[in-house]
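Novice: Please see the structure below; I have some questions.
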Amino acid sequence: MGTPRWALQRDLLNVLQPPVPRRAALVSERIAPALAEVGRTRSGRPAAEVLAALQDVVTAAGAEPDRRALEEFAREIEAGGNPFE
């Protein structure tokens with residue numbers, strides 16, 4: 001089937017968007033690839049396992065995890081989605 005149109009548009013915007021140093025310094029921007037990797041590698045796995053992996057990524061970056069948000073993301077990944085892609 002290929003890549004959904006919205007994903008192609010997002011990827012194109014990422015390529016065309018000029019770099020913003022302040023944005024690149026944000027923890028959320030720095031860990032985005034690692035969070036997306038958790039979503040890819042743990043899709044369909046139990047939410048508790050996914051949550052632990054997400055928390056590991058956030059704490060390894062020196063940030064304080066928002067448990068409620070990560071729980072929501074974990075449930076979405078458990079269901080086969082990836083909110084970070």
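Naming works like this for the structure tokens: A, B, ... for the chains as they're shown, residue 1 at the start of each chain, ligands 1 onward in shown order.
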As a ChimeraX atom specification, list the residues of chain A assigned to helix (DSSP H, G or I) by DSSP on the backbone atoms of this structure.
Specialist: /A:5-16,21-24,27-41,47-60,67-78
Novice: So the first atom is atom CA of Gly81 of chain A and the second is atom CA of Gly39 of chain A; what is the distance between them in Å, to one decimal place?
Specialist: 7.5 Å
Novice: Pick out the residues sitting within 9 Å of Ala61 of chain A, and hand them over as a list in words; count only C-alpha atoms, and ignore anything fewer than 6 positions along from it in its own chain.
Specialist: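 Listed by chain and then number, they are Val27, Arg30 and Ile31 of chain A.
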Novice: Generate the output file for the selected residues, N, CA and C atoms, as a PDB file, in the first residue's frame.
Specialist:
```
ATOM      1  N   VAL A  27      14.731  18.787  24.716  1.00  0.00           N
ATOM      2  CA  VAL A  27      14.843  17.353  25.000  1.00  0.00           C
ATOM      3  C   VAL A  27      13.910  16.563  24.098  1.00  0.00           C
ATOM      4  N   ARG A  30      15.497  16.022  20.804  1.00  0.00           N
ATOM      5  CA  ARG A  30      16.662  15.139  20.849  1.00  0.00           C
ATOM      6  C   ARG A  30      16.277  13.673  21.006  1.00  0.00           C
ATOM      7  N   ILE A  31      15.192  13.395  21.738  1.00  0.00           N
ATOM      8  CA  ILE A  31      14.828  12.000  21.975  1.00  0.00           C
ATOM      9  C   ILE A  31      13.776  11.478  21.002  1.00  0.00           C
TER      10      ILE A  31
END
```
Novice: For Ala79 of chain A, please output as a list in words all residues within 10 Å (counting only C-alpha atoms; exclusion window: fewer than 6 positions along the same chain).
Specialist: Ser43, Gly44, Arg45, Pro46, Ala47 and Phe73 of chain A
Novice: Keeping C-alpha atoms for every residue in the selection just given, could you write it to a file as a CSV table (one decimal), in the first residue's frame?
Specialist:
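out03.csv, freshly written:
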```csv
chain,number,residue,atom,x,y,z
A,43,SER,CA,4.4,-2.3,18.4
A,44,GLY,CA,1.8,-4.8,19.7
A,45,ARG,CA,3.7,-5.5,22.9
A,46,PRO,CA,2.1,-5.1,26.3
A,47,ALA,CA,1.6,-1.5,27.4
A,73,PHE,CA,1.5,6.6,24.2
```
Novice: Calculated over only C-alpha atoms, which of the candidates A:Ala52, A:Val57, A:Leu8, A:Val15 has the smallest distance to Ala36 of chain A?
Specialist: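 Going through A:Ala52, A:Val57, A:Leu8, A:Val15 one by one, the smallest distance to Ala36 of chain A is for A:Val57.
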Novice: Might you pull out every residue within 12 Å of Pro33 of chain A, with only C-alpha atoms counted and same-chain residues fewer than 6 positions away left off, and present them as a list of chain:residue names?
Specialist: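 The neighbour list is A:Val27, A:Gly39, A:Arg40, A:Leu54, A:Val57, A:Val58, A:Asn82, A:Pro83, A:Phe84, A:Glu85.
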Novice: Just the number, please: distance in Å from atom CA of Ala34 of chain A to atom CA of Gln55 of chain A, one decimal.
Specialist: 11.2 Å
Novice: Kindly indicate which residue among A:Asp56, A:Asn14, A:Leu51, A:Glu64 lies nearest to Glu78 of chain A, using only C-alpha atoms for the distances.
Specialist: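 With only C-alpha atoms as the atom set, the closest residue is A:Leu51.
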